[in-house]
file upload_16.cif (mmCIF, C-alpha atoms and all ligand atoms)
data_start
loop_
_atom_site.label_atom_id
_atom_site.label_comp_id
_atom_site.auth_asym_id
_atom_site.auth_seq_id
_atom_site.Cartn_x
_atom_site.Cartn_y
_atom_site.Cartn_z
CA MET A 13 77.69 233.85 36.64
CA THR A 14 76.24 236.77 34.77
CA ILE A 15 75.45 239.01 37.72
CA LEU A 16 77.75 241.84 36.74
CA ILE A 17 77.18 245.54 36.76
CA ARG A 18 76.63 246.54 33.17
CA PRO A 19 76.80 250.28 32.60
CA THR A 20 73.71 251.30 30.67
CA GLU A 21 73.63 253.83 27.86
CA GLU A 22 72.03 256.40 30.14
CA SER A 23 74.85 256.14 32.66
CA ARG A 24 77.43 257.67 30.32
CA PRO A 25 79.22 260.04 30.15
CA GLN A 26 80.81 259.87 33.59
CA ARG A 27 80.18 263.52 34.51
CA ASN A 28 76.42 263.02 34.21
CA LEU A 29 76.35 260.19 36.72
CA ASP A 30 74.40 260.52 39.93
CA SER A 31 76.42 260.13 43.11
CA TRP A 32 75.08 256.61 43.64
CA GLN A 33 76.18 255.58 40.15
CA ARG A 34 79.69 256.89 40.79
CA GLN A 35 79.76 255.00 44.09
CA MET A 36 78.69 251.88 42.21
CA ALA A 37 81.48 252.31 39.68
CA GLN A 38 83.93 252.60 42.58
CA ALA A 39 82.59 249.65 44.57
CA ILE A 40 85.08 247.01 45.70
CA ARG A 41 85.37 244.00 43.42
CA ASP A 42 88.85 242.75 44.29
CA PRO A 43 89.09 240.38 47.28
CA ASP A 44 92.66 241.52 47.98
CA GLU A 45 91.56 245.13 48.21
CA LEU A 46 88.85 244.19 50.69
CA ALA A 47 91.36 242.19 52.73
CA ASP A 48 93.75 245.17 52.74
CA LEU A 49 91.10 247.67 53.77
CA LEU A 50 89.89 245.49 56.61
CA GLU A 51 93.34 244.30 57.67
CA LEU A 52 92.46 240.64 57.24
CA GLY A 53 95.12 237.93 57.68
CA PRO A 54 96.79 236.23 54.69
CA GLU A 55 94.76 233.03 55.24
CA PHE A 56 91.64 234.76 53.86
CA ARG A 57 93.11 235.79 50.53
CA GLU A 58 93.44 232.62 48.49
CA PRO A 59 90.00 231.20 49.47
CA ALA A 60 88.42 234.59 48.78
CA ARG A 61 89.94 234.75 45.30
CA ARG A 62 88.70 231.22 44.52
CA ALA A 63 85.18 231.69 45.90
CA ALA A 64 84.88 235.03 44.09
CA LYS A 65 85.16 233.05 40.86
CA LEU A 66 81.93 231.20 41.75
CA PHE A 67 80.09 234.45 42.53
CA PRO A 68 82.04 237.70 42.18
CA LEU A 69 82.79 239.89 45.18
CA LEU A 70 80.92 243.19 45.11
CA VAL A 71 80.50 245.69 47.94
CA PRO A 72 80.09 249.49 48.01
CA ARG A 73 82.74 251.39 49.96
CA GLY A 74 80.18 253.06 52.21
CA TYR A 75 79.05 249.63 53.43
CA VAL A 76 82.66 248.59 54.08
CA ASP A 77 83.06 251.77 56.17
CA LEU A 78 80.52 250.31 58.62
CA MET A 79 82.71 247.24 59.25
CA GLU A 80 85.23 246.86 62.04
CA ARG A 81 88.86 246.72 60.93
CA GLY A 82 90.79 243.57 61.84
CA ASN A 83 87.65 241.59 62.69
CA PRO A 84 87.12 238.67 60.29
CA LEU A 85 83.85 237.89 62.13
CA ASP A 86 82.31 241.30 61.56
CA PRO A 87 78.61 240.64 60.80
CA LEU A 88 78.63 242.90 57.74
CA LEU A 89 81.86 241.46 56.40
CA LEU A 90 80.51 237.91 56.72
CA GLN A 91 77.70 238.83 54.35
CA VAL A 92 80.09 239.77 51.53
CA LEU A 93 83.43 238.03 52.05
CA PRO A 94 83.88 235.04 49.70
CA LEU A 95 84.92 231.99 51.75
CA GLY A 96 86.31 228.57 50.94
CA ALA A 97 83.17 227.07 52.51
CA GLU A 98 81.20 228.14 49.41
CA GLU A 99 82.96 225.46 47.40
CA ILE A 100 81.39 222.72 49.50
CA VAL A 101 78.63 220.93 47.60
CA ALA A 102 76.25 219.93 50.42
CA ALA A 103 73.42 217.47 49.85
CA GLU A 104 70.05 219.26 49.52
CA PHE A 105 71.70 222.61 48.74
CA VAL A 106 70.72 222.97 45.10
CA LEU A 107 70.78 225.49 42.24
CA ASP A 108 67.04 226.42 42.16
CA ALA A 109 65.94 225.94 45.78
CA VAL A 110 62.75 227.98 45.54
CA GLY A 111 61.18 226.63 42.36
CA ASP A 112 61.64 229.83 40.35
CA HIS A 113 61.93 227.88 37.13
CA ASP A 114 58.42 226.43 37.44
CA ALA A 115 56.87 229.79 38.38
CA LYS A 116 57.97 231.57 35.22
CA ARG A 117 55.03 232.84 33.16
CA ALA A 118 56.99 234.94 30.69
CA PRO A 119 60.62 236.04 30.40
CA GLY A 120 61.28 238.02 33.60
CA LEU A 121 57.86 237.31 35.16
CA LEU A 122 57.40 234.98 38.16
CA HIS A 123 53.88 234.27 39.32
CA LYS A 124 53.71 232.02 42.38
CA TYR A 125 51.08 233.55 44.63
CA ASP A 126 47.52 234.77 44.14
CA GLY A 127 47.09 238.46 43.53
CA ARG A 128 50.72 239.39 43.15
CA ALA A 129 53.35 238.79 40.51
CA LEU A 130 57.04 239.51 40.51
CA LEU A 131 59.18 241.03 37.78
CA ILE A 132 62.89 240.23 37.60
CA THR A 133 63.85 243.69 36.41
CA THR A 134 67.61 243.23 36.32
CA GLY A 135 70.28 240.77 37.39
CA SER A 136 72.40 243.56 38.88
CA CYS A 137 72.78 244.26 42.57
CA ALA A 138 74.81 246.87 44.44
CA ILE A 139 76.24 244.17 46.67
CA HIS A 140 76.72 240.44 46.33
CA CYS A 141 75.38 238.72 49.44
CA ARG A 142 77.14 235.40 49.74
CA TYR A 143 73.98 233.63 50.96
CA CYS A 144 71.88 234.89 48.06
CA PHE A 145 69.13 232.56 46.92
CA ARG A 146 69.53 233.91 43.40
CA ARG A 147 73.29 233.36 43.10
CA HIS A 148 72.53 230.70 40.49
CA TYR A 149 69.50 232.32 38.85
CA PRO A 150 69.81 232.33 35.05
CA TYR A 151 69.41 236.10 34.65
CA ALA A 152 70.85 236.00 31.15
CA ASP A 153 67.51 234.58 29.90
CA ASP A 154 65.53 237.59 31.17
CA PRO A 155 64.70 240.83 29.32
CA LYS A 156 67.35 243.53 29.11
CA ARG A 157 65.62 246.41 27.30
CA LEU A 158 62.20 247.93 27.82
CA ALA A 159 60.95 246.47 24.53
CA ASP A 160 61.85 243.00 25.81
CA TRP A 161 59.32 243.48 28.61
CA ASP A 162 56.38 243.40 26.25
CA GLN A 163 55.62 239.74 26.81
CA ALA A 164 55.70 239.95 30.64
CA LEU A 165 53.71 243.21 30.65
CA ASN A 166 51.11 241.72 28.32
CA VAL A 167 50.58 238.78 30.66
CA LEU A 168 50.17 241.20 33.59
CA SER A 169 47.84 243.45 31.71
CA ASN A 170 45.59 240.52 30.68
CA ASP A 171 45.46 238.93 34.13
CA THR A 172 42.96 240.94 36.17
CA THR A 173 43.56 238.77 39.26
CA ILE A 174 46.88 240.58 39.79
CA HIS A 175 46.54 243.59 42.11
CA GLU A 176 50.16 244.01 43.11
CA VAL A 177 53.30 244.03 41.01
CA ILE A 178 56.58 243.41 42.76
CA LEU A 179 59.74 244.77 41.18
CA SER A 180 62.60 242.51 42.14
CA GLY A 181 65.83 241.27 40.66
CA GLY A 182 68.69 241.45 41.31
CA ASP A 183 67.82 244.86 42.66
CA PRO A 184 65.24 246.97 40.80
CA LEU A 185 66.78 250.20 42.10
CA MET A 186 69.86 249.42 40.03
CA LEU A 187 67.76 250.57 37.07
CA THR A 188 68.20 254.19 36.11
CA ASP A 189 65.40 256.56 37.11
CA GLN A 190 64.34 256.72 33.48
CA ARG A 191 63.95 252.98 33.02
CA LEU A 192 62.26 252.59 36.39
CA SER A 193 59.78 255.32 35.65
CA ASP A 194 59.04 253.91 32.16
CA LEU A 195 58.34 250.50 33.65
CA ILE A 196 56.16 251.88 36.44
CA MET A 197 54.14 253.96 33.98
CA ARG A 198 53.34 250.85 31.99
CA ILE A 199 52.21 249.04 35.15
CA GLU A 200 50.15 252.06 36.19
CA ALA A 201 48.22 251.81 32.96
CA MET A 202 46.75 248.47 34.12
CA PRO A 203 43.53 249.35 35.97
CA HIS A 204 43.45 246.11 38.01
CA VAL A 205 46.86 246.81 39.59
CA GLN A 206 46.65 248.87 42.81
CA ARG A 207 49.99 248.41 44.52
CA LEU A 208 53.60 248.65 43.52
CA ARG A 209 56.09 246.82 45.65
CA ILE A 210 59.87 247.28 45.39
CA HIS A 211 62.15 244.61 46.85
CA THR A 212 65.48 246.35 47.30
CA ARG A 213 68.64 246.33 49.33
CA LEU A 214 69.91 249.64 48.01
CA PRO A 215 68.58 251.91 50.80
CA ILE A 216 70.67 249.77 53.16
CA VAL A 217 73.88 249.27 51.20
CA LEU A 218 73.89 252.35 48.94
CA PRO A 219 71.56 254.87 50.62
CA ASP A 220 72.41 257.66 48.17
CA ARG A 221 70.30 255.77 45.61
CA VAL A 222 67.26 257.27 47.33
CA THR A 223 67.25 260.57 45.47
CA THR A 224 64.51 263.18 45.34
CA ARG A 225 63.71 262.03 41.83
CA LEU A 226 63.34 258.42 43.00
CA LEU A 227 60.93 259.49 45.74
CA GLU A 228 58.85 261.30 43.12
CA ILE A 229 58.77 258.22 40.92
CA LEU A 230 57.66 256.00 43.81
CA THR A 231 55.10 258.28 45.41
CA GLY A 232 53.97 260.53 42.57
CA GLY A 233 51.80 258.05 40.69
CA ARG A 234 48.52 256.20 41.11
CA LEU A 235 49.90 253.05 42.71
CA THR A 236 50.33 252.61 46.47
CA PRO A 237 54.08 252.24 47.06
CA ILE A 238 55.47 249.56 49.35
CA VAL A 239 59.21 249.35 49.75
CA VAL A 240 60.60 246.15 51.23
CA VAL A 241 64.22 246.65 52.24
CA HIS A 242 66.65 244.00 53.35
CA ALA A 243 68.74 244.59 56.48
CA ASN A 244 70.10 241.72 58.55
CA HIS A 245 71.99 243.47 61.32
CA PRO A 246 71.51 246.68 63.34
CA GLN A 247 75.03 247.82 62.44
CA GLU A 248 73.74 248.31 58.88
CA LEU A 249 71.21 250.91 60.01
CA SER A 250 73.46 253.82 60.91
CA GLY A 251 74.15 257.24 59.44
CA ARG A 252 72.95 257.84 55.93
CA CYS A 253 70.92 254.63 55.80
CA ALA A 254 68.88 255.65 58.86
CA THR A 255 68.18 259.08 57.35
CA VAL A 256 67.11 257.59 54.05
CA LEU A 257 64.73 255.07 55.63
CA LYS A 258 63.00 257.86 57.54
CA THR A 259 62.77 259.88 54.33
CA LEU A 260 61.12 256.98 52.50
CA VAL A 261 58.57 256.65 55.29
CA ARG A 262 57.87 260.38 55.46
CA SER A 263 57.45 260.63 51.72
CA GLY A 264 54.54 258.20 51.92
CA CYS A 265 55.97 254.74 51.28
CA THR A 266 55.06 251.82 53.49
CA VAL A 267 58.49 250.48 54.39
CA LEU A 268 58.99 246.90 55.55
CA ASN A 269 62.12 244.88 56.20
CA GLN A 270 62.98 241.33 55.38
CA ALA A 271 66.00 239.67 56.91
CA VAL A 272 67.59 236.29 56.46
CA LEU A 273 68.55 234.27 59.53
CA LEU A 274 72.29 233.77 59.08
CA LYS A 275 74.75 231.87 61.23
CA GLY A 276 77.39 234.18 62.67
CA VAL A 277 75.57 237.31 61.46
CA ASN A 278 72.28 237.60 63.35
CA ASP A 279 71.60 234.20 64.94
CA ASN A 280 71.16 235.47 68.49
CA ALA A 281 68.27 237.13 70.28
CA GLU A 282 70.12 240.30 71.29
CA THR A 283 71.10 241.10 67.69
CA LEU A 284 67.62 240.42 66.32
CA ILE A 285 66.03 242.52 69.06
CA ARG A 286 68.36 245.42 68.31
CA LEU A 287 67.65 245.02 64.59
CA CYS A 288 63.86 245.06 65.08
CA GLU A 289 63.92 247.96 67.53
CA SER A 290 66.19 250.04 65.30
CA LEU A 291 63.90 249.40 62.34
CA VAL A 292 60.76 250.32 64.25
CA ASP A 293 62.42 253.49 65.56
CA LEU A 294 62.99 254.51 61.94
CA GLY A 295 59.38 253.78 61.02
CA VAL A 296 60.16 250.46 59.29
CA LEU A 297 58.21 247.34 60.25
CA PRO A 298 59.96 243.97 60.45
CA TYR A 299 58.11 241.80 57.90
CA TYR A 300 59.80 238.45 57.36
CA LEU A 301 62.72 236.63 58.91
CA HIS A 302 63.60 234.09 56.25
CA GLN A 303 64.97 230.67 56.89
CA LEU A 304 67.93 230.37 54.52
CA ASP A 305 66.99 228.88 51.16
CA ARG A 306 69.03 225.77 50.56
CA VAL A 307 71.08 227.10 47.69
CA GLN A 308 74.38 225.53 46.70
CA GLY A 309 77.39 227.16 48.36
CA THR A 310 75.48 228.62 51.33
CA ALA A 311 75.27 225.67 53.78
CA HIS A 312 77.69 227.32 56.24
CA PHE A 313 75.09 230.07 56.87
CA GLU A 314 72.32 227.70 57.92
CA VAL A 315 70.72 227.86 61.36
CA THR A 316 68.37 225.00 62.30
CA GLU A 317 64.63 225.67 62.36
CA PRO A 318 64.14 224.66 66.03
CA TYR A 319 66.86 227.14 66.98
CA GLY A 320 65.21 229.83 64.85
CA ARG A 321 61.84 229.11 66.48
CA ASP A 322 63.40 229.57 69.93
CA LEU A 323 64.83 232.91 68.84
CA ILE A 324 61.41 234.11 67.69
CA ALA A 325 59.87 232.89 70.96
CA THR A 326 62.38 235.06 72.83
CA LEU A 327 61.63 238.04 70.58
CA ARG A 328 57.93 237.71 71.42
CA THR A 329 58.68 238.07 75.12
CA ARG A 330 60.77 241.18 74.56
CA LEU A 331 59.17 243.19 71.75
CA PRO A 332 55.77 244.64 70.87
CA GLY A 333 53.84 242.29 68.59
CA TYR A 334 54.27 244.53 65.53
CA ALA A 335 58.07 244.42 65.91
CA VAL A 336 58.32 240.63 65.66
CA PRO A 337 58.87 239.46 62.08
CA GLU A 338 57.18 236.35 60.77
CA TYR A 339 59.68 233.49 60.56
CA VAL A 340 59.13 231.82 57.18
CA ARG A 341 60.65 229.50 54.69
CA GLU A 342 59.94 229.21 51.02
CA VAL A 343 58.69 225.83 49.89
CA ALA A 344 58.70 225.27 46.13
CA GLY A 345 55.14 224.88 44.87
CA GLU A 346 53.37 226.32 47.98
CA LYS A 347 50.79 229.10 47.59
CA HIS A 348 52.47 231.41 50.10
CA LYS A 349 55.60 231.68 52.22
CA THR A 350 55.36 229.00 54.88
CA PRO A 351 55.39 230.18 58.52
CA ILE A 352 57.69 228.17 60.77
CA VAL A 353 55.77 227.60 64.00
C1 LIG A 401 58.12 236.03 48.07
C2 LIG A 401 57.45 236.22 46.78
C3 LIG A 401 56.34 237.06 46.66
C4 LIG A 401 55.83 237.90 47.83
O1 LIG A 401 55.23 237.15 48.81
P1 LIG A 401 54.58 237.95 50.04
O2 LIG A 401 54.22 236.92 51.02
O3 LIG A 401 53.42 238.71 49.49
O4 LIG A 401 55.62 238.91 50.54
C5 LIG A 401 55.69 237.15 45.45
N1 LIG A 401 56.12 236.45 44.38
C6 LIG A 401 57.17 235.64 44.43
C7 LIG A 401 57.59 234.90 43.20
C8 LIG A 401 57.90 235.50 45.64
O5 LIG A 401 58.98 234.72 45.68
S1 LIG A 402 70.91 242.27 47.18
FE1 LIG A 402 69.37 240.63 47.26
S2 LIG A 402 69.36 239.71 45.20
FE2 LIG A 402 71.24 240.95 45.41
S3 LIG A 402 72.83 239.52 46.10
FE3 LIG A 402 71.95 240.45 47.95
S4 LIG A 402 70.30 239.06 48.57
FE4 LIG A 402 70.83 238.57 46.44
#

call {"tool": "encode", "arguments": {"input": "upload_16.cif", "output": "structure tokens"}}
result
Amino acid sequence: MTILIRPTEESRPQRNLDSWQRQMAQAIRDPDELADLLELGPEFREPARRAAKLFPLLVPRGYVDLMERGNPLDPLLLQVLPLGAEEIVAAEFVLDAVGDHDAKRAPGLLHKYDGRALLITTGSCAIHCRYCFRRHYPYADDPKRLADWDQALNVLSNDTTIHEVILSGGDPLMLTDQRLSDLIMRIEAMPHVQRLRIHTRLPIVLPDRVTTRLLEILTGGRLTPIVVVHANHPQELSGRCATVLKTLVRSGCTVLNQAVLLKGVNDNAETLIRLCESLVDLGVLPYYLHQLDRVQGTAHFEVTEPYGRDLIATLRTRLPGYAVPEYVREVAGEKHKTPIV
């Protein structure tokens, strides 16, 4: 795996780091330290060390603070704790479940759907979600420096059918403000592009990333900003995260949430209802509830589609229409995310 946090030139020296960069440097990477902090039993340690070799453990301390001590079933912990179950090679759970390889139009550029294209801006994330559909993505082949983006940006600039550019990753907000703003300025120079979408988990797991400067970068330019965050459980939406989501909304971003339906984390109606209501109360609209992509090492998170459909049916009876996310799965080769109905 190459998904490691690489300090960039701009992030040195240490005293010039933003608070979020310091928090990133201090994030937990050692399974034993996580087990100690959360008072987990000895039976978790050896499997966690082994599974962390397949996909390294990474979790910011602020996110760990939201977990319950002594509870190995905590819904936030389950999203980050490496488990022995990840070593199981289940039939149909493959390395590239969503057909990313075939959608590549240039290094770092995926174009699957009409009108919008997606840039893999970095392989880094602030957290390693164990169910991640990109845990096997070959990030090492993608551009690292701004100059390496030329090919992808040329394709975008010559394709006038593209009206929206999605910055994804990894997590695009792992880029420094400088690199982010350079990239956005180059996209802004393409007259056919109207919207800028950011797919990020940082406002949820490292809320201090949302600095005043970042808000300026997102809202100060020509493009209409849409921020799609990724929260799976209402317990994630407390304190600083709640404040930051409201700030994003008030500063003029359209803020949407995508969640993944995960066994043991959010696979019950009460949790999903609390998640959707908490989001809406903060001004964030539930967008998608994703069926888990069948990626190797994640089979233990899978919930069946009929069960998921029943959950959504319950949500419809309990929530306003705008608070019910669309339940979708990604089918390689399809022209859009496929609703599960
Ligand atoms: C999911 C995805 C999008 C966005 O799809 P929307 O339905 O517009 O949210 C765009 N490009 C790629 C490659 C995707 O995987
Ligand atoms: S933040 Fe997103 S891309 Fe990164 S590990 Fe989690 S799910 Fe995957």

call {"tool": "residues_near_ligand", "arguments": {"input": "upload_16.cif", "ligand": "ligand LIG 402 (chain A)", "cutoff": "6 Å", "atoms": "all atoms listed in the file", "output": "PyMOL selection string"}}
result
chain A and resi 137+139-141+144+146+181-183+213

call {"tool": "residues_near_ligand", "arguments": {"input": "upload_16.cif", "ligand": "ligand LIG 401 (chain A)", "cutoff": "7 Å", "atoms": "only C-alpha atoms and all ligand atoms", "output": "list in words"}}
result
Leu122, His123, Lys124, Tyr125, Arg128, Ala129, Leu130, Ile178, His348 and Lys349 of chain A

call {"tool": "atom_distance", "arguments": {"input": "upload_16.cif", "atom1": "CA of Leu49 (chain A)", "atom2": "CA of Pro68 (chain A)"}}
result
17.8 Å

call {"tool": "atom_distance", "arguments": {"input": "upload_16.cif", "atom1": "CA of Leu304 (chain A)", "atom2": "CA of Asp42 (chain A)"}}
result
26.4 Å

call {"tool": "atom_distance", "arguments": {"input": "upload_16.cif", "atom1": "CA of Phe145 (chain A)", "atom2": "CA of Leu89 (chain A)"}}
result
18.2 Å

call {"tool": "closest_residue", "arguments": {"input": "upload_16.cif", "among": "A:Pro87, A:Gly264, A:Gly276, A:Gly120", "to": "Trp161 (chain A)", "atoms": "all atoms listed in the file"}}
result
A:Gly120

call {"tool": "residues_near_point", "arguments": {"input": "upload_16.cif", "point": "(72.6, 255.2, 63.4)", "cutoff": "12 Å", "atoms": "all atoms listed in the file", "output": "list in words"}}
result
Leu78, Ile216, His245, Pro246, Gln247, Glu248, Leu249, Ser250, Gly251, Arg252, Cys253, Ala254, Thr255, Val256, Leu257, Lys258, Arg286, Leu287, Ser290, Leu291, Asp293 and Leu294 of chain A

call {"tool": "residues_around", "arguments": {"input": "upload_16.cif", "residues": "Ser193 (chain A)", "least_positions_apart": "2", "cutoff": "12 Å", "atoms": "all atoms listed in the file", "output": "MDAnalysis selection string"}}
result
chainID A and resid 158 179 184:185 187:191 195:200 225:233

call {"tool": "residues_around", "arguments": {"input": "upload_16.cif", "residues": "Arg41 (chain A)", "least_positions_apart": "4", "cutoff": "8 Å", "atoms": "only C-alpha atoms", "output": "list in words"}}
result
Glu45, Pro68, Leu69, Leu70 and Val71 of chain A

call {"tool": "closest_residue", "arguments": {"input": "upload_16.cif", "among": "A:Arg328, A:Arg142, A:Arg341, A:Arg73", "to": "Gln38 (chain A)", "atoms": "all atoms listed in the file"}}
result
A:Arg73

call {"tool": "residues_near_point", "arguments": {"input": "upload_16.cif", "point": "(48.3, 241.0, 34.1)", "cutoff": "10 Å", "atoms": "all atoms listed in the file", "output": "list in words"}}
result
Gly127, Arg128, Ala129, Ala164, Leu165, Asn166, Val167, Leu168, Ser169, Asn170, Asp171, Thr172, Thr173, Ile174, His175, Glu176, Val177, Ile199, Met202, Pro203, His204 and Val205 of chain A

call {"tool": "residues_around", "arguments": {"input": "upload_16.cif", "residues": "Leu95 (chain A)", "least_positions_apart": "6", "cutoff": "8 Å", "atoms": "all atoms listed in the file", "output": "count of residues only"}}
result
4

call {"tool": "closest_residue", "arguments": {"input": "upload_16.cif", "among": "A:Arg147, A:His211, A:His242, A:Arg234", "to": "Asp305 (chain A)", "atoms": "only C-alpha atoms"}}
result
A:Arg147

call {"tool": "residues_around", "arguments": {"input": "upload_16.cif", "residues": "Ile100 (chain A)", "least_positions_apart": "4", "cutoff": "12 Å", "atoms": "only C-alpha atoms", "output": "list of chain:residue names"}}
result
A:Ala63, A:Leu66, A:Leu95, A:Gly96, A:Glu104, A:Phe105, A:Val106, A:Val307, A:Gln308, A:Gly309, A:Thr310, A:Ala311, A:His312

call {"tool": "closest_residue", "arguments": {"input": "upload_16.cif", "among": "A:Ser180, A:Gln91, A:Gln33, A:Gln270", "to": "Val296 (chain A)", "atoms": "only C-alpha atoms"}}
result
A:Gln270

call {"tool": "closest_residue", "arguments": {"input": "upload_16.cif", "among": "A:Val340, A:Leu268, A:Leu131, A:Ile324", "to": "Pro298 (chain A)", "atoms": "all atoms listed in the file"}}
result
A:Leu268

call {"tool": "closest_residue", "arguments": {"input": "upload_16.cif", "among": "A:Val315, A:Cys288, A:Ala159, A:Ile40", "to": "Asn244 (chain A)", "atoms": "all atoms listed in the file"}}
result
A:Cys288

call {"tool": "decode", "arguments": {"input": "upload_16.cif", "residues": "region 198-209 of chain A", "atoms": "N, CA, C and O atoms", "output": "compact mmCIF listing (two decimals), in the first residue's frame"}}
result
# COMPACT_ATOMS: atom_id res chain seq x y z
N ARG A 198 -6.47 26.78 -11.88
CA ARG A 198 -6.33 26.23 -13.24
C ARG A 198 -7.68 25.71 -13.76
O ARG A 198 -7.96 25.80 -14.95
N ILE A 199 -8.50 25.17 -12.87
CA ILE A 199 -9.82 24.68 -13.29
C ILE A 199 -10.73 25.87 -13.61
O ILE A 199 -11.48 25.85 -14.59
N GLU A 200 -10.59 26.92 -12.80
CA GLU A 200 -11.40 28.12 -13.01
C GLU A 200 -11.16 28.76 -14.37
O GLU A 200 -12.03 29.41 -14.93
N ALA A 201 -9.98 28.55 -14.89
CA ALA A 201 -9.63 29.15 -16.18
C ALA A 201 -10.31 28.43 -17.35
O ALA A 201 -10.16 28.85 -18.49
N MET A 202 -11.06 27.36 -17.07
CA MET A 202 -11.75 26.64 -18.15
C MET A 202 -13.19 27.13 -18.20
O MET A 202 -13.98 26.84 -17.31
N PRO A 203 -13.55 27.89 -19.25
CA PRO A 203 -14.86 28.56 -19.26
C PRO A 203 -16.04 27.59 -19.19
O PRO A 203 -17.10 27.96 -18.69
N HIS A 204 -15.88 26.36 -19.68
CA HIS A 204 -17.02 25.43 -19.70
C HIS A 204 -17.27 24.79 -18.33
O HIS A 204 -18.28 24.13 -18.14
N VAL A 205 -16.37 24.97 -17.38
CA VAL A 205 -16.57 24.39 -16.05
C VAL A 205 -17.28 25.41 -15.16
O VAL A 205 -16.86 26.56 -15.06
N GLN A 206 -18.40 25.00 -14.54
CA GLN A 206 -19.20 25.89 -13.71
C GLN A 206 -19.11 25.55 -12.23
O GLN A 206 -19.27 26.41 -11.37
N ARG A 207 -18.93 24.27 -11.93
CA ARG A 207 -19.03 23.83 -10.54
C ARG A 207 -17.77 23.10 -10.11
O ARG A 207 -17.15 22.38 -10.89
N LEU A 208 -17.46 23.31 -8.84
CA LEU A 208 -16.33 22.64 -8.23
C LEU A 208 -16.88 21.79 -7.09
O LEU A 208 -17.54 22.31 -6.19
N ARG A 209 -16.62 20.51 -7.16
CA ARG A 209 -17.11 19.65 -6.09
C ARG A 209 -15.91 19.06 -5.34
O ARG A 209 -14.94 18.64 -5.96
